[in-house]
Amino acid sequence: MKKYIFVLVALSLIITSCKRNVENASWDVGVVTPLIKSSLTIDNILPDTLLETNSDSSLSLVYKTTFYGASLDSLFQYPDTTLTYTAKLDSLVLGNQTFDTTLTIVQIATMADPTFGALLPLFNGSMLVIPPIDTITTGPIPIDASEYFETMTLKSGYIDFIVDNHLPIDITDVKFALYNASDNSIILQDTFVVIPAYTSDTITIDLSGKTIEGSLIAELLTLSSPGSNGNPVLIDITDHVTIIVEMHDLHPLSATAVFPTQTVVDKVDYIPMTKVTQEFTHMKVRSGTVHIEAVNTLQQELHFKYKIYSATLNGDTFSVQNVIPAAPVGSSSSFNKDYDFAGYDLNLTIGKDGDTVNTMKQSLSGSIDSSGQVVTITLADSFYVNAGMINIVPEYAYGYLGNDTFNFGPSTTVTDIFKSITSGSIDFDDVNLSLDITNGIGTNASVTFNGLTSINSKTGNVVTLGGSAVSQPFVIDAATDNPLTAANNKLVLNDASTSGTASQFIENMPDQIGYSLQLVLNPGETHPPLGTGTDFIYYESGLEASMDLEIPLNLIANDLTLVDTLGFSLQESNQSKRIKDGTLNLIVDNGFPFEADIQLYMLDENNQIIDSLFTLGKVAAATLGSNLIVTDSKKSKLPIHVSQAKVNELYETKYMAVVVSFSTASNTQHVKIYNNYSFDVQLVGDFNYTFEKN
């Protein structure tokens, strides 16, 4: 106010003595302006969600951080299982083919003696002596099989040449031949020595390596008979000799033919899970696919069926049926599809003897339907199928989980308990630290911590938790099922059991927890009989290790530094731009039993430091009573001179960072922190303004 009066007096003198310059006159005025205001509580040092109020209103820090977790997919991997089968032409067959021709007794008699043959019908139904028959021949007898095949070269096959003698006389020296019509190449030739009256005889000939055409010639090269040997026989002009040609069991190397309906593959396989040390008896699939890839080079449609007997969904067995189109000439056709396998229950005990584990029963069948069309198929033609389970992730697995050892780490996990503290040290009167291991797996286990470290990346300081409590195997109980209930196991770590390192571990104010551990399943347990294991594991219920912390806030602090960032704006009005210089007064009402040093930083819109504002003096600690509880807060006023250059920087300032370093008054006496303690800060600007009149 004195400044203001002084300026008015000076202004009056100027107006009186220099009236002609009144239009360009200027003067300075002092104005007090509040700029920022904040109240810091323990919540600004430690997150309020971690604080717990005790019965005496003092505070405790309660914190839990999970630093390790093992789930089903990190402990066990279900391998892909596939069934691959290729059915080539040697597993195909051509249909049996039969051709026949008949010679009546009249025809045979006429070929032997035309006169006798002409008279013979007159004796039908009578007794007559039939004279001997010299050698006769039928000549070529065409056989047209082109309706069934055009040509075939056989890997194996047989032909039966059957002569049915339905005459009243024996026939002898029956010589026959079969050859391809196109080039007269002989397919077969053989002789029946004698075929008694009213009997038949068969000669079977191997056709392996033979090429047979659809246009054939059969020929009876010779046929003789002793006649009725002077004895009269009953003449029946319907009596005859029938020649039958029957081809069967034909397996072609190549063929242009009509292929009959047939199964080309019918295969059942028991597929074990490889590279699995566990003994699973049942499993439920969380995700995964059944992939089927099939290729057909046959010029006929191919029907296939793939079935997994071990897999059921709502009581239905997994089964796929489909058709692969006929292949174009010289090419192939294919089928490729993924089927969702999620939700299927797998019975892994369906073995050949019903007492297996980790085993899937699968089947594959393929067949072709006769199209009635002549198509060409060679030995190179095939039906290829690759079918199996891909990328299987179990939802649940049951059986014996084994006695495996798993090593995890070294690794780190982030913790934010002390994230607001940038530097300094702290000494807690008491630290309650424990490791909680929650076992959601249905098997006993043991955990050995090979290393557990507190890492402060700001200071570079690392504290290793020591002592026998950490280094010895910690046996954990199994979870129970129906309903799933995890087993909670607690390992208490105090200074006594950790060689005095538990407090140091926490007072290091870590922002990372380092760990290395070994997990052993079923430690020291006897292997159960095959298929009788009762262990289990769920996808979302594994093993979890966490650190539990409860610390009464009864402490000694030394330069414990924290930062609070506040919004700041020195409005660029016509008035604010006339600020010449002045003083920023930092007014602190301290309700904590800490002394404090404060520094302010001017920040731009990107939170980058523009400049600093140093305070003069120290903030006094609140007054403590005999019970070490604050009785009165302590007010402090810290002036900060602001030059014209600082004023210009304040115009650019969008945020103000308040850096506070706390220290307890005593380095040996712990003090409790209560929920009503606060640290109130107000920044007031006492500026000199310059006013001008144009």
# chains A, B, ... in the order shown; residues from 1 in each chain; ligands from 1
$ closest_atom_pairs --of "region 366-439 of chain A" --to "region 308-330 of chain A" --cutoff "12 Å" --atoms "only C-alpha atoms" --output "tab-separated table"
residue	atom	partner	partner_atom	distance
A:Gly366	CA	A:Val323	CA	9.4
A:Ser367	CA	A:Val323	CA	9.6
A:Ile368	CA	A:Val323	CA	9.6
A:Asp369	CA	A:Val323	CA	10.8
A:Ser370	CA	A:Ala326	CA	11.8
A:Ser371	CA	A:Ala326	CA	10.4
A:Val375	CA	A:Val329	CA	9.4
A:Thr376	CA	A:Val329	CA	8.5
A:Ile377	CA	A:Val329	CA	9.7
A:Thr378	CA	A:Gly330	CA	10.7
A:Ala380	CA	A:Gly330	CA	10.6
A:Asp381	CA	A:Gly330	CA	9.6
A:Ser382	CA	A:Ala327	CA	10.5
A:Phe383	CA	A:Ile324	CA	9.6
A:Tyr384	CA	A:Ile324	CA	10.8
A:Val385	CA	A:Ile324	CA	10.9
A:Ala387	CA	A:Ile308	CA	10.2
A:Gly388	CA	A:Ile308	CA	9.2
A:Met389	CA	A:Ile308	CA	9.9
$ residues_around --residues "Asp206 (chain A)" --least-positions-apart "4" --cutoff "8 Å" --atoms "only C-alpha atoms" --output "PDB file with N, CA and C atoms, in the first residue's frame"
ATOM      1  N   SER A 156      -1.473-108.088 -60.931  1.00  0.00           N
ATOM      2  CA  SER A 156      -1.858-109.450 -60.566  1.00  0.00           C
ATOM      3  C   SER A 156      -3.297-109.669 -61.007  1.00  0.00           C
ATOM      4  N   GLY A 157      -3.684-110.925 -61.117  1.00  0.00           N
ATOM      5  CA  GLY A 157      -5.032-111.279 -61.522  1.00  0.00           C
ATOM      6  C   GLY A 157      -5.054-112.692 -62.090  1.00  0.00           C
ATOM      7  N   TYR A 158      -6.236-113.179 -62.277  1.00  0.00           N
ATOM      8  CA  TYR A 158      -6.381-114.557 -62.737  1.00  0.00           C
ATOM      9  C   TYR A 158      -7.522-114.651 -63.747  1.00  0.00           C
ATOM     10  N   ILE A 159      -7.414-115.692 -64.587  1.00  0.00           N
ATOM     11  CA  ILE A 159      -8.499-115.999 -65.508  1.00  0.00           C
ATOM     12  C   ILE A 159      -8.813-117.483 -65.376  1.00  0.00           C
TER      13      ILE A 159
END
$ closest_residue --among "A:Glu605, A:Asp632, A:Glu293, A:Asp173" --to "Thr135 (chain A)" --atoms "only C-alpha atoms"
A:Asp173
$ closest_residue --among "A:Leu549, A:Ala197, A:Glu395, A:Val268" --to "Ser365 (chain A)" --atoms "only C-alpha atoms"
A:Val268
$ residues_around --residues "Gln608 (chain A)" --least-positions-apart "2" --cutoff "12 Å" --atoms "only C-alpha atoms" --output "ChimeraX atom specification"
/A:565,601-606,610-612,652-657
$ closest_atom_pairs --of "region 81-173 of chain A" --to "region 229-247 of chain A" --cutoff "10 Å" --atoms "only C-alpha atoms" --output "JSON lines"
{"residue": "A:Leu94", "atom": "CA", "partner": "A:Met247", "partner_atom": "CA", "distance": 9.8}
{"residue": "A:Gly95", "atom": "CA", "partner": "A:Met247", "partner_atom": "CA", "distance": 8.6}
{"residue": "A:Asn96", "atom": "CA", "partner": "A:Met247", "partner_atom": "CA", "distance": 5.6}
{"residue": "A:Gln97", "atom": "CA", "partner": "A:Met247", "partner_atom": "CA", "distance": 5.1}
{"residue": "A:Thr98", "atom": "CA", "partner": "A:Glu246", "partner_atom": "CA", "distance": 4.2}
{"residue": "A:Phe99", "atom": "CA", "partner": "A:Val245", "partner_atom": "CA", "distance": 5.1}
{"residue": "A:Asp100", "atom": "CA", "partner": "A:Ile244", "partner_atom": "CA", "distance": 4.2}
{"residue": "A:Thr101", "atom": "CA", "partner": "A:Ile243", "partner_atom": "CA", "distance": 5.3}
{"residue": "A:Thr102", "atom": "CA", "partner": "A:Thr242", "partner_atom": "CA", "distance": 4.3}
{"residue": "A:Leu103", "atom": "CA", "partner": "A:Val241", "partner_atom": "CA", "distance": 5.2}
{"residue": "A:Thr104", "atom": "CA", "partner": "A:His240", "partner_atom": "CA", "distance": 4.0}
{"residue": "A:Ile105", "atom": "CA", "partner": "A:His240", "partner_atom": "CA", "distance": 5.2}
{"residue": "A:Val106", "atom": "CA", "partner": "A:Ile237", "partner_atom": "CA", "distance": 6.4}
{"residue": "A:Gln107", "atom": "CA", "partner": "A:His240", "partner_atom": "CA", "distance": 8.8}
{"residue": "A:Ile108", "atom": "CA", "partner": "A:His240", "partner_atom": "CA", "distance": 8.5}
{"residue": "A:Leu120", "atom": "CA", "partner": "A:Ile237", "partner_atom": "CA", "distance": 8.0}
{"residue": "A:Pro121", "atom": "CA", "partner": "A:Ile237", "partner_atom": "CA", "distance": 6.4}
{"residue": "A:Leu122", "atom": "CA", "partner": "A:Ile237", "partner_atom": "CA", "distance": 9.5}
{"residue": "A:Phe123", "atom": "CA", "partner": "A:Ile235", "partner_atom": "CA", "distance": 6.4}
{"residue": "A:Asn124", "atom": "CA", "partner": "A:Ile235", "partner_atom": "CA", "distance": 5.1}
{"residue": "A:Gly125", "atom": "CA", "partner": "A:Ile235", "partner_atom": "CA", "distance": 5.3}
{"residue": "A:Ser126", "atom": "CA", "partner": "A:Leu234", "partner_atom": "CA", "distance": 5.6}
{"residue": "A:Met127", "atom": "CA", "partner": "A:Leu234", "partner_atom": "CA", "distance": 4.4}
{"residue": "A:Leu128", "atom": "CA", "partner": "A:Pro232", "partner_atom": "CA", "distance": 4.4}
{"residue": "A:Val129", "atom": "CA", "partner": "A:Pro232", "partner_atom": "CA", "distance": 4.0}
{"residue": "A:Ile130", "atom": "CA", "partner": "A:Pro232", "partner_atom": "CA", "distance": 7.1}
{"residue": "A:Pro131", "atom": "CA", "partner": "A:Gly230", "partner_atom": "CA", "distance": 7.3}
{"residue": "A:Pro132", "atom": "CA", "partner": "A:Asn229", "partner_atom": "CA", "distance": 7.5}
{"residue": "A:Ile143", "atom": "CA", "partner": "A:Val245", "partner_atom": "CA", "distance": 9.7}
{"residue": "A:Gly157", "atom": "CA", "partner": "A:Met247", "partner_atom": "CA", "distance": 7.4}
{"residue": "A:Tyr158", "atom": "CA", "partner": "A:Met247", "partner_atom": "CA", "distance": 5.8}
{"residue": "A:Ile159", "atom": "CA", "partner": "A:Met247", "partner_atom": "CA", "distance": 4.3}
{"residue": "A:Asp160", "atom": "CA", "partner": "A:Glu246", "partner_atom": "CA", "distance": 5.0}
{"residue": "A:Phe161", "atom": "CA", "partner": "A:Val245", "partner_atom": "CA", "distance": 4.9}
{"residue": "A:Ile162", "atom": "CA", "partner": "A:Ile244", "partner_atom": "CA", "distance": 4.9}
{"residue": "A:Val163", "atom": "CA", "partner": "A:Ile243", "partner_atom": "CA", "distance": 4.8}
{"residue": "A:Asp164", "atom": "CA", "partner": "A:Thr242", "partner_atom": "CA", "distance": 5.1}
{"residue": "A:Asn165", "atom": "CA", "partner": "A:Val241", "partner_atom": "CA", "distance": 4.8}
{"residue": "A:His166", "atom": "CA", "partner": "A:His240", "partner_atom": "CA", "distance": 5.1}
{"residue": "A:Leu167", "atom": "CA", "partner": "A:Asp239", "partner_atom": "CA", "distance": 5.4}
{"residue": "A:Pro168", "atom": "CA", "partner": "A:Val233", "partner_atom": "CA", "distance": 6.7}
{"residue": "A:Ile169", "atom": "CA", "partner": "A:Val233", "partner_atom": "CA", "distance": 8.4}
{"residue": "A:Asp170", "atom": "CA", "partner": "A:Asn229", "partner_atom": "CA", "distance": 9.7}
{"residue": "A:Ile171", "atom": "CA", "partner": "A:Val241", "partner_atom": "CA", "distance": 9.4}
$ select_by_dssp --residues "region 111-196 of chain A" --states "alpha helix (DSSP H)" --output "list in words"
Met111, Ala112, Pro114, Thr115, Phe116, Gly117, Ala118 and Leu119 of chain A
$ atom_distance --atom1 "CA of Lys458 (chain A)" --atom2 "CA of Asn558 (chain A)"
16.3 Å
$ residues_around --residues "region 413-425 of chain A" --least-positions-apart "2" --cutoff "6 Å" --atoms "only C-alpha atoms" --output "list of chain:residue names"
A:Ile45, A:Phe67, A:Met509, A:Asp511, A:Gln512, A:Ile513, A:Asn558, A:Asp559, A:Leu560, A:Thr561, A:Leu562
$ select_by_dssp --residues "region 320-518 of chain A" --states "strand (DSSP E)" --output "ChimeraX atom specification"
/A:320-324,333-340,345-347,359-368,375-378,382-400,405-414,421-428,432-439,445-456,461-464,474-476,487-493,512-518
$ write_last_selection --atoms "C-alpha atoms" --output "JSON list (two decimals), in the first residue's frame"
[["chain", "number", "residue", "atom", "x", "y", "z"],
["A", 320, "VAL", "CA", -16.02, -85.57, -41.01],
["A", 321, "GLN", "CA", -17.38, -86.84, -44.32],
["A", 322, "ASN", "CA", -16.80, -85.22, -47.66],
["A", 323, "VAL", "CA", -16.17, -85.75, -51.35],
["A", 324, "ILE", "CA", -13.07, -84.90, -53.36],
["A", 333, "SER", "CA", -8.20, -82.29, -57.22],
["A", 334, "SER", "CA", -8.03, -81.46, -53.54],
["A", 335, "PHE", "CA", -9.94, -80.72, -50.38],
["A", 336, "ASN", "CA", -8.60, -78.54, -47.57],
["A", 337, "LYS", "CA", -10.51, -77.45, -44.49],
["A", 338, "ASP", "CA", -10.10, -76.64, -40.78],
["A", 339, "TYR", "CA", -12.75, -77.73, -38.28],
["A", 340, "ASP", "CA", -13.19, -76.05, -34.90],
["A", 345, "ASP", "CA", -13.77, -84.00, -24.55],
["A", 346, "LEU", "CA", -10.87, -86.34, -25.25],
["A", 347, "ASN", "CA", -10.65, -89.83, -23.81],
["A", 359, "THR", "CA", -3.41, -91.96, -27.01],
["A", 360, "MET", "CA", -5.99, -90.99, -29.63],
["A", 361, "LYS", "CA", -7.95, -93.50, -31.71],
["A", 362, "GLN", "CA", -8.59, -92.28, -35.25],
["A", 363, "SER", "CA", -9.86, -93.87, -38.43],
["A", 364, "LEU", "CA", -9.80, -92.98, -42.11],
["A", 365, "SER", "CA", -11.80, -94.57, -44.88],
["A", 366, "GLY", "CA", -12.04, -93.69, -48.56],
["A", 367, "SER", "CA", -14.11, -95.12, -51.36],
["A", 368, "ILE", "CA", -15.00, -94.52, -54.97],
["A", 375, "VAL", "CA", -11.58, -93.78, -67.07],
["A", 376, "THR", "CA", -7.82, -94.18, -67.07],
["A", 377, "ILE", "CA", -6.03, -94.91, -63.80],
["A", 378, "THR", "CA", -2.34, -95.70, -63.36],
["A", 382, "SER", "CA", -3.32, -91.96, -55.44],
["A", 383, "PHE", "CA", -5.55, -90.78, -52.64],
["A", 384, "TYR", "CA", -3.54, -88.76, -50.11],
["A", 385, "VAL", "CA", -4.93, -87.66, -46.74],
["A", 386, "ASN", "CA", -3.26, -85.69, -43.97],
["A", 387, "ALA", "CA", -5.60, -85.33, -41.02],
["A", 388, "GLY", "CA", -4.91, -84.33, -37.45],
["A", 389, "MET", "CA", -5.28, -81.97, -34.51],
["A", 390, "ILE", "CA", -3.41, -78.67, -34.78],
["A", 391, "ASN", "CA", -2.60, -75.97, -32.17],
["A", 392, "ILE", "CA", -4.53, -77.68, -29.40],
["A", 393, "VAL", "CA", -4.83, -75.69, -26.16],
["A", 394, "PRO", "CA", -6.42, -77.70, -23.34],
["A", 395, "GLU", "CA", -9.08, -76.19, -21.10],
["A", 396, "TYR", "CA", -8.63, -79.02, -18.63],
["A", 397, "ALA", "CA", -6.35, -82.04, -18.32],
["A", 398, "TYR", "CA", -6.57, -85.01, -15.97],
["A", 399, "GLY", "CA", -4.13, -87.82, -15.16],
["A", 400, "TYR", "CA", -0.63, -87.92, -13.75],
["A", 405, "THR", "CA", 11.18, -79.89, -12.79],
["A", 406, "PHE", "CA", 10.56, -76.47, -14.32],
["A", 407, "ASN", "CA", 13.03, -73.58, -14.08],
["A", 408, "PHE", "CA", 11.78, -70.03, -14.50],
["A", 409, "GLY", "CA", 13.82, -66.84, -14.69],
["A", 410, "PRO", "CA", 15.87, -64.97, -14.01],
["A", 411, "SER", "CA", 13.18, -62.43, -14.77],
["A", 412, "THR", "CA", 11.71, -59.22, -13.36],
["A", 413, "THR", "CA", 8.30, -57.75, -12.73],
["A", 414, "VAL", "CA", 7.40, -54.09, -12.18],
["A", 421, "ILE", "CA", 9.27, -41.20, -4.40],
["A", 422, "THR", "CA", 12.20, -40.14, -6.54],
["A", 423, "SER", "CA", 15.10, -40.30, -4.04],
["A", 424, "GLY", "CA", 16.07, -40.40, -0.38],
["A", 425, "SER", "CA", 15.97, -43.18, 2.16],
["A", 426, "ILE", "CA", 13.47, -44.61, 4.60],
["A", 427, "ASP", "CA", 13.75, -46.73, 7.73],
["A", 428, "PHE", "CA", 10.67, -48.65, 8.87],
["A", 432, "ASN", "CA", 5.77, -57.78, 7.79],
["A", 433, "LEU", "CA", 6.73, -59.55, 4.55],
["A", 434, "SER", "CA", 5.44, -62.88, 3.22],
["A", 435, "LEU", "CA", 5.34, -64.87, 0.02],
["A", 436, "ASP", "CA", 1.90, -66.16, -0.90],
["A", 437, "ILE", "CA", 1.83, -69.06, -3.34],
["A", 438, "THR", "CA", -1.60, -69.89, -4.67],
["A", 439, "ASN", "CA", -1.72, -73.34, -6.22],
["A", 445, "ALA", "CA", 4.56, -79.17, -5.66],
["A", 446, "SER", "CA", 7.63, -77.54, -4.22],
["A", 447, "VAL", "CA", 9.10, -74.14, -5.02],
["A", 448, "THR", "CA", 12.70, -73.14, -4.46],
["A", 449, "PHE", "CA", 13.64, -69.49, -4.94],
["A", 450, "ASN", "CA", 17.12, -69.38, -6.43],
["A", 451, "GLY", "CA", 17.02, -65.60, -6.30],
["A", 452, "LEU", "CA", 14.61, -62.92, -5.07],
["A", 453, "THR", "CA", 15.82, -59.34, -5.39],
["A", 454, "SER", "CA", 14.61, -55.81, -4.71],
["A", 455, "ILE", "CA", 15.70, -53.55, -7.58],
["A", 456, "ASN", "CA", 15.65, -49.75, -7.41],
["A", 461, "ASN", "CA", 20.74, -50.44, -5.75],
["A", 462, "VAL", "CA", 19.86, -54.17, -5.53],
["A", 463, "VAL", "CA", 19.04, -56.05, -2.32],
["A", 464, "THR", "CA", 18.87, -59.84, -2.35],
["A", 474, "PHE", "CA", 8.83, -74.69, 0.04],
["A", 475, "VAL", "CA", 6.25, -77.48, -0.24],
["A", 476, "ILE", "CA", 2.83, -76.33, -1.41],
["A", 487, "ALA", "CA", -4.65, -74.03, -2.10],
["A", 488, "ASN", "CA", -3.11, -70.97, -0.44],
["A", 489, "ASN", "CA", 0.36, -71.39, 1.00],
["A", 490, "LYS", "CA", 2.14, -68.63, 2.95],
["A", 491, "LEU", "CA", 5.85, -68.28, 3.63],
["A", 492, "VAL", "CA", 6.52, -65.67, 6.33],
["A", 493, "LEU", "CA", 9.71, -63.70, 5.80],
["A", 512, "GLN", "CA", 11.18, -53.99, -9.86],
["A", 513, "ILE", "CA", 11.19, -57.44, -8.25],
["A", 514, "GLY", "CA", 13.72, -59.89, -9.68],
["A", 515, "TYR", "CA", 13.17, -63.61, -9.32],
["A", 516, "SER", "CA", 14.50, -67.01, -10.32],
["A", 517, "LEU", "CA", 12.75, -70.14, -9.13],
["A", 518, "GLN", "CA", 12.48, -73.88, -9.57]]
$ closest_residue --among "A:Gln189, A:Ala621, A:Thr115, A:Val93" --to "His248 (chain A)" --atoms "only C-alpha atoms"
A:Val93
$ residues_around --residues "Ser497 (chain A)" --least-positions-apart "4" --cutoff "8 Å" --atoms "only C-alpha atoms" --output "MDAnalysis selection string"
chainID A and resid 467:469 493
$ atom_distance --atom1 "CA of Ile136 (chain A)" --atom2 "CA of Ser200 (chain A)"
19.2 Å
$ residues_around --residues "Leu188 (chain A)" --least-positions-apart "3" --cutoff "10 Å" --atoms "only C-alpha atoms" --output "list in words"
Ile159, Phe161, Phe176, Ala177, Leu178, Tyr179, Ser185, Ile205, Asp206, Leu207, Lys210 and Ala218 of chain A
$ write_last_selection --atoms "N, CA, C and O atoms" --output "PDB file, in the first residue's frame"
ATOM      1  N   ILE A 159      -7.414-115.692 -64.587  1.00  0.00           N
ATOM      2  CA  ILE A 159      -8.499-115.999 -65.508  1.00  0.00           C
ATOM      3  C   ILE A 159      -8.813-117.483 -65.376  1.00  0.00           C
ATOM      4  O   ILE A 159      -7.904-118.327 -65.330  1.00  0.00           O
ATOM      5  N   PHE A 161     -10.633-120.581 -67.178  1.00  0.00           N
ATOM      6  CA  PHE A 161     -11.223-121.083 -68.427  1.00  0.00           C
ATOM      7  C   PHE A 161     -11.979-122.350 -68.047  1.00  0.00           C
ATOM      8  O   PHE A 161     -11.390-123.362 -67.654  1.00  0.00           O
ATOM      9  N   PHE A 176      -7.643-124.780 -76.026  1.00  0.00           N
ATOM     10  CA  PHE A 176      -8.273-123.459 -76.173  1.00  0.00           C
ATOM     11  C   PHE A 176      -7.205-122.372 -76.152  1.00  0.00           C
ATOM     12  O   PHE A 176      -6.071-122.588 -75.706  1.00  0.00           O
ATOM     13  N   ALA A 177      -7.591-121.156 -76.597  1.00  0.00           N
ATOM     14  CA  ALA A 177      -6.684-119.999 -76.606  1.00  0.00           C
ATOM     15  C   ALA A 177      -7.508-118.727 -76.467  1.00  0.00           C
ATOM     16  O   ALA A 177      -8.684-118.673 -76.853  1.00  0.00           O
ATOM     17  N   LEU A 178      -6.851-117.684 -75.873  1.00  0.00           N
ATOM     18  CA  LEU A 178      -7.460-116.354 -75.755  1.00  0.00           C
ATOM     19  C   LEU A 178      -6.393-115.346 -76.130  1.00  0.00           C
ATOM     20  O   LEU A 178      -5.278-115.404 -75.619  1.00  0.00           O
ATOM     21  N   TYR A 179      -6.726-114.427 -77.052  1.00  0.00           N
ATOM     22  CA  TYR A 179      -5.737-113.438 -77.475  1.00  0.00           C
ATOM     23  C   TYR A 179      -6.424-112.119 -77.790  1.00  0.00           C
ATOM     24  O   TYR A 179      -7.654-112.065 -77.981  1.00  0.00           O
ATOM     25  N   SER A 185      -1.970-111.064 -80.082  1.00  0.00           N
ATOM     26  CA  SER A 185      -1.038-111.477 -79.032  1.00  0.00           C
ATOM     27  C   SER A 185      -1.765-112.421 -78.084  1.00  0.00           C
ATOM     28  O   SER A 185      -2.865-112.148 -77.621  1.00  0.00           O
ATOM     29  N   ILE A 205      -5.357-119.561 -64.877  1.00  0.00           N
ATOM     30  CA  ILE A 205      -4.093-119.063 -65.413  1.00  0.00           C
ATOM     31  C   ILE A 205      -3.788-117.712 -64.780  1.00  0.00           C
ATOM     32  O   ILE A 205      -4.659-116.838 -64.686  1.00  0.00           O
ATOM     33  N   ASP A 206      -2.536-117.520 -64.333  1.00  0.00           N
ATOM     34  CA  ASP A 206      -2.065-116.273 -63.718  1.00  0.00           C
ATOM     35  C   ASP A 206      -1.886-115.216 -64.812  1.00  0.00           C
ATOM     36  O   ASP A 206      -1.224-115.453 -65.828  1.00  0.00           O
ATOM     37  N   LEU A 207      -2.476-114.043 -64.589  1.00  0.00           N
ATOM     38  CA  LEU A 207      -2.406-112.961 -65.585  1.00  0.00           C
ATOM     39  C   LEU A 207      -1.383-111.889 -65.221  1.00  0.00           C
ATOM     40  O   LEU A 207      -1.347-110.834 -65.870  1.00  0.00           O
ATOM     41  N   LYS A 210       0.327-109.335 -67.692  1.00  0.00           N
ATOM     42  CA  LYS A 210      -0.369-109.404 -68.975  1.00  0.00           C
ATOM     43  C   LYS A 210      -1.088-108.089 -69.280  1.00  0.00           C
ATOM     44  O   LYS A 210      -1.585-107.412 -68.383  1.00  0.00           O
ATOM     45  N   ALA A 218     -11.572-115.542 -78.475  1.00  0.00           N
ATOM     46  CA  ALA A 218     -11.466-116.868 -77.852  1.00  0.00           C
ATOM     47  C   ALA A 218     -11.598-117.908 -78.961  1.00  0.00           C
ATOM     48  O   ALA A 218     -12.352-117.723 -79.930  1.00  0.00           O
TER      49      ALA A 218
END
$ closest_residue --among "A:Ile537, A:Leu521, A:Val630, A:Leu613" --to "Leu72 (chain A)" --atoms "only C-alpha atoms"
A:Ile537
$ closest_residue --among "A:Phe568, A:Val642, A:Lys580, A:Thr668" --to "Ile36 (chain A)" --atoms "only C-alpha atoms"
A:Phe568
$ closest_residue --among "A:Val659, A:Met152, A:Ile186, A:Ile673" --to "Leu379 (chain A)" --atoms "only C-alpha atoms"
A:Met152
$ atom_distance --atom1 "CA of Val285 (chain A)" --atom2 "CA of Phe341 (chain A)"
6.9 Å
